[in-house]
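Enquirer: File name structure_2.tsv; file contents TSV, C-alpha atoms; full text below.
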```
chain	number	residue	atom	x	y	z
A	1	MET	CA	119.71	59.81	86.09
A	2	SER	CA	116.23	60.73	84.86
A	3	ASN	CA	114.52	63.93	85.92
A	4	ILE	CA	112.10	61.87	87.99
A	5	ASP	CA	115.08	60.37	89.85
A	6	LEU	CA	116.44	63.88	90.33
A	7	LEU	CA	113.17	64.99	91.93
A	8	LEU	CA	113.09	61.93	94.17
A	9	LYS	CA	116.61	62.74	95.33
A	10	ARG	CA	115.59	66.34	95.99
A	11	HIS	CA	112.72	65.05	98.11
A	12	VAL	CA	115.02	62.91	100.24
A	13	ASP	CA	117.69	65.63	100.53
A	14	GLY	CA	115.30	68.57	100.83
A	15	VAL	CA	113.96	70.47	103.78
A	16	ASP	CA	110.28	70.53	102.77
A	17	HIS	CA	108.76	67.05	102.59
A	18	GLY	CA	105.19	68.27	102.39
A	19	ALA	CA	102.89	68.40	105.35
A	20	PRO	CA	102.69	64.98	107.02
A	21	THR	CA	101.44	66.58	110.24
A	22	ILE	CA	98.29	67.92	108.59
A	23	ARG	CA	95.74	65.16	109.13
A	24	THR	CA	92.78	66.45	107.13
A	25	PRO	CA	92.19	67.05	103.42
A	26	VAL	CA	89.98	70.02	104.35
A	27	PRO	CA	91.88	73.23	103.48
A	28	SER	CA	92.08	75.50	106.52
A	29	LEU	CA	91.27	78.67	104.54
A	30	GLY	CA	88.29	77.04	102.82
A	31	ILE	CA	89.51	78.12	99.40
A	32	ALA	CA	90.23	76.48	96.06
A	33	VAL	CA	92.51	77.97	93.41
A	34	LEU	CA	92.10	77.12	89.73
A	35	THR	CA	95.14	78.14	87.73
A	36	CYS	CA	97.32	77.21	84.80
A	37	MET	CA	99.89	74.42	84.76
A	38	ASP	CA	102.53	76.88	83.52
A	39	ALA	CA	105.79	76.16	85.37
A	40	ARG	CA	106.45	79.88	85.88
A	41	ILE	CA	103.52	80.19	88.29
A	42	LYS	CA	104.48	79.30	91.85
A	43	VAL	CA	100.98	79.35	93.31
A	44	PHE	CA	102.07	78.97	96.92
A	45	ASP	CA	104.46	81.91	96.57
A	46	VAL	CA	102.07	84.11	94.58
A	47	PHE	CA	99.46	83.97	97.34
A	48	GLY	CA	101.73	83.32	100.33
A	49	LEU	CA	100.02	79.98	100.90
A	50	ARG	CA	101.11	77.42	103.43
A	51	HIS	CA	100.57	73.66	103.31
A	52	GLY	CA	97.02	72.67	104.11
A	53	GLU	CA	95.44	76.07	103.41
A	54	ALA	CA	93.96	75.64	99.91
A	55	HIS	CA	93.13	73.20	97.18
A	56	ILE	CA	95.20	73.89	94.07
A	57	LEU	CA	93.78	72.80	90.73
A	58	ARG	CA	95.94	73.19	87.64
A	59	ASN	CA	95.31	72.56	83.98
A	60	ALA	CA	96.35	74.04	80.65
A	61	GLY	CA	95.08	77.60	80.79
A	62	GLY	CA	93.45	77.43	84.21
A	63	VAL	CA	90.04	77.04	82.55
A	64	ALA	CA	86.83	75.55	83.92
A	65	THR	CA	86.87	72.24	82.06
A	66	ASP	CA	84.53	69.42	83.05
A	67	ASP	CA	87.29	67.97	85.21
A	68	ALA	CA	87.93	71.32	86.93
A	69	ILE	CA	84.19	71.61	87.66
A	70	ARG	CA	84.27	68.04	89.00
A	71	SER	CA	87.16	68.85	91.34
A	72	LEU	CA	85.62	72.14	92.49
A	73	THR	CA	82.34	70.34	93.18
A	74	ILE	CA	84.10	67.75	95.35
A	75	SER	CA	86.13	70.50	97.02
A	76	GLN	CA	82.98	72.34	98.06
A	77	ARG	CA	80.53	69.52	98.70
A	78	LYS	CA	82.86	67.17	100.57
A	79	LEU	CA	85.87	69.22	101.70
A	80	GLN	CA	84.28	72.46	102.92
A	81	THR	CA	85.73	75.06	100.56
A	82	ARG	CA	83.52	78.11	100.05
A	83	GLU	CA	85.67	80.47	97.97
A	84	ILE	CA	87.28	80.06	94.55
A	85	ILE	CA	90.13	81.96	92.92
A	86	VAL	CA	90.58	81.67	89.16
A	87	MET	CA	94.01	82.87	88.08
A	88	GLN	CA	95.12	82.81	84.47
A	89	HIS	CA	98.21	84.62	83.20
A	90	THR	CA	99.90	86.64	80.49
A	91	GLN	CA	101.88	84.86	77.76
A	92	CYS	CA	99.93	81.63	78.22
A	93	GLY	CA	100.71	78.85	75.78
A	94	LEU	CA	96.99	78.47	75.04
A	95	SER	CA	96.95	81.97	73.60
A	96	MET	CA	99.59	80.91	71.08
A	97	ILE	CA	97.70	78.03	69.45
A	98	THR	CA	94.31	77.53	67.85
A	99	GLU	CA	91.80	74.80	68.48
A	100	ASP	CA	91.78	73.44	64.94
A	101	SER	CA	95.50	73.66	64.24
A	102	PHE	CA	96.38	71.84	67.44
A	103	LYS	CA	93.78	69.13	66.88
A	104	ASP	CA	94.95	68.77	63.26
A	105	GLU	CA	98.54	68.35	64.47
A	106	VAL	CA	97.60	65.70	67.03
A	107	GLU	CA	95.41	63.88	64.52
A	108	GLN	CA	98.22	63.81	61.95
A	109	ALA	CA	100.63	62.41	64.54
A	110	THR	CA	98.29	59.82	66.06
A	111	GLY	CA	95.51	59.16	63.57
A	112	ILE	CA	92.94	60.14	66.21
A	113	ARG	CA	91.37	63.60	66.58
A	114	PRO	CA	91.15	64.66	70.24
A	115	PRO	CA	87.52	64.70	71.45
A	116	TRP	CA	88.19	67.37	74.10
A	117	ALA	CA	88.31	71.12	73.69
A	118	ILE	CA	91.73	72.80	73.74
A	119	GLU	CA	90.18	75.98	75.20
A	120	SER	CA	92.64	78.23	73.37
A	121	PHE	CA	92.06	81.97	73.62
A	122	ARG	CA	93.46	85.28	72.44
A	123	ASP	CA	92.28	87.54	75.29
A	124	VAL	CA	93.24	86.30	78.75
A	125	THR	CA	90.84	88.70	80.49
A	126	GLU	CA	87.92	87.37	78.48
A	127	SER	CA	89.07	83.80	79.17
A	128	VAL	CA	88.97	84.52	82.92
A	129	ARG	CA	85.46	85.97	82.53
A	130	GLN	CA	84.30	82.86	80.67
A	131	THR	CA	85.77	80.60	83.34
A	132	LEU	CA	84.06	82.64	86.07
A	133	ARG	CA	80.72	82.34	84.23
A	134	ARG	CA	81.11	78.57	83.88
A	135	ILE	CA	81.82	78.16	87.58
A	136	ARG	CA	79.04	80.50	88.71
A	137	GLN	CA	76.50	78.87	86.38
A	138	SER	CA	77.40	75.30	87.25
A	139	PRO	CA	74.51	73.57	88.99
A	140	PHE	CA	77.01	71.34	90.77
A	141	ILE	CA	79.00	74.02	92.60
A	142	PRO	CA	76.87	75.22	95.53
A	143	TYR	CA	78.89	78.22	96.76
A	144	THR	CA	79.43	80.80	94.04
A	145	ASP	CA	79.05	84.06	95.96
A	146	ASN	CA	82.81	84.43	96.39
A	147	VAL	CA	84.32	83.36	93.08
A	148	ARG	CA	86.89	85.86	91.85
A	149	GLY	CA	89.16	85.99	88.83
A	150	PHE	CA	92.63	87.39	88.25
A	151	VAL	CA	95.31	87.75	85.60
A	152	TYR	CA	98.87	87.17	86.78
A	153	ASP	CA	101.56	88.99	84.82
A	154	VAL	CA	104.48	86.59	84.35
A	155	ASN	CA	106.89	89.49	83.75
A	156	THR	CA	106.06	91.65	86.77
A	157	ALA	CA	104.25	89.26	89.14
A	158	ALA	CA	101.39	91.77	89.35
A	159	ILE	CA	97.89	90.39	89.88
A	160	THR	CA	94.97	92.24	88.31
A	161	GLU	CA	91.41	91.42	89.28
A	162	VAL	CA	88.97	90.76	86.45
A	163	GLU	CA	85.44	92.03	86.87
A	164	ALA	CA	82.88	89.60	85.56
```
Turn the structure described in the file into structure tokens.

Expert:
Amino acid sequence: MSNIDLLLKRHVDGVDHGAPTIRTPVPSLGIAVLTCMDARIKVFDVFGLRHGEAHILRNAGGVATDDAIRSLTISQRKLQTREIIVMQHTQCGLSMITEDSFKDEVEQATGIRPPWAIESFRDVTESVRQTLRRIRQSPFIPYTDNVRGFVYDVNTAAITEVEA
């Protein structure tokens, strides 16, 4: 059995099948969360979220890439969100690689150098600040008055706000 089959079985056997009774894609709290794809971060648990309350955007590092800006723009302009949480975390995999070494590795393996930025960083607090600046300065995101950034500690589950 593959891991995908395992997850499909869990879905059938499980208690939580999502939220089929929620009929709108508009999140009831009017909030979007941009965070890392790290499997240790259980976003719904960290913030006590329930189905239908927030848009959750995840990527490597929880950084404001072009695609994250695209999704946040749609979230605000078409789906009524007005607040954004950026949450990155300690011990992130992106802090353990460098842009050039990763691109070199991928190019050696595939023969093609990735055209996109890795967005690696050494200082998670500064990475959150940069992501906040990108969001706040984006001409596409109309509501930037309540954009806040945080660092989640994967060892203690503490959340520390980052001042921009």

Enquirer: Of the candidates A:Gly30, A:Val162, A:Ile141, A:Gln130, which one gets nearest to Ile74 of chain A if we count all atoms listed in the file?

Expert: A:Ile141

Enquirer: Which residues of segment 50-126 of chain A sit at most 7 Å from segment 9-29 of chain A, using all atoms listed in the file? Give each one's shortest atom pair and distance in Å (one decimal place), in chain and ascending residue order, as a tab-separated table.

Expert:
```
residue	atom	partner	partner_atom	distance
A:His51	CA	A:Ala19	CA	6.1
A:Gly52	CA	A:Pro27	CA	5.2
A:Glu53	CA	A:Pro27	CA	4.6
A:Ala54	CA	A:Pro27	CA	4.8
A:His55	CA	A:Pro27	CA	6.4
A:Leu79	CA	A:Val26	CA	5.0
A:Gln80	CA	A:Val26	CA	6.4
```

Enquirer: Using atom CA of Leu34 of chain A and atom CA of Leu57 of chain A as the two end points, give the distance in Å to one decimal.

Expert: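 Between atom CA of Leu34 of chain A and atom CA of Leu57 of chain A the gap works out to 4.7 Å.
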
Enquirer: Rank nothing, just name the residue among A:Ile97, A:Ile85, A:Ala32, A:Val46 nearest to Val128 of chain A, using only C-alpha atoms.

Expert: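 Residue with the minimum atom-to-atom distance to Val128 of chain A: A:Ile85.
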
Enquirer: In Å, rounded to a single decimal, give me how far atom CA of Ile118 of chain A is from atom CA of Glu105 of chain A.

Expert: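 Straight-line distance from atom CA of Glu105 of chain A to atom CA of Ile118 of chain A works out to 12.3 Å.
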
Enquirer: By how many Å are atom CA of Gly93 of chain A and atom CA of Arg40 of chain A apart?

Expert: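 Atom CA of Gly93 of chain A sits 11.7 Å away from atom CA of Arg40 of chain A.
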
Enquirer: With distances taken over all atoms listed in the file, which of A:Ile4, A:Gln137, A:Arg122, A:Thr131 is nearest to Ala68 of chain A?

Expert: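 Among the listed residues, the smallest separation from Ala68 of chain A belongs to A:Thr131.
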
Enquirer: From the options A:Asn155, A:Ser138, A:Gln108, A:Thr144, which residue's atoms come nearest to Asp66 of chain A, counting all atoms listed in the file?

Expert: A:Ser138

Enquirer: For Ser101 of chain A, list every protein, DNA or RNA residue within 12 Å, evaluated using only C-alpha atoms, and leave out those in the same chain fewer than 5 positions away; present the list as a VMD selection string.

Expert: chain A and resid 94 96 106 to 108 113 to 114 118 120

Enquirer: Return the single residue from A:Phe140, A:Asp45, A:Thr156, A:His89 that is closest to Ile69 of chain A, with distances computed using only C-alpha atoms.

Expert: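 Closest residue, counting only C-alpha atoms: A:Phe140.
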
Enquirer: Pick the closest to Gln76 of chain A from A:Ile31, A:Ala158, A:Glu163, A:Asp104: which is it, counting all atoms listed in the file?

Expert: A:Ile31

Enquirer: Skip Glu161 of chain A itself and residues of its chain fewer than 4 positions away, then list as a PyMOL selection string all residues within 8 Å of it, counting all atoms listed in the file.

Expert: chain A and resi 148-151

Enquirer: Keeping only C-alpha atoms, write the selected residues to a file as a compact mmCIF listing (two decimals), in the coordinates of the input.

Expert:
```txt
# COMPACT_ATOMS: atom_id res chain seq x y z
CA ARG A 148 86.89 85.86 91.85
CA GLY A 149 89.16 85.99 88.83
CA PHE A 150 92.63 87.39 88.25
CA VAL A 151 95.31 87.75 85.60
```
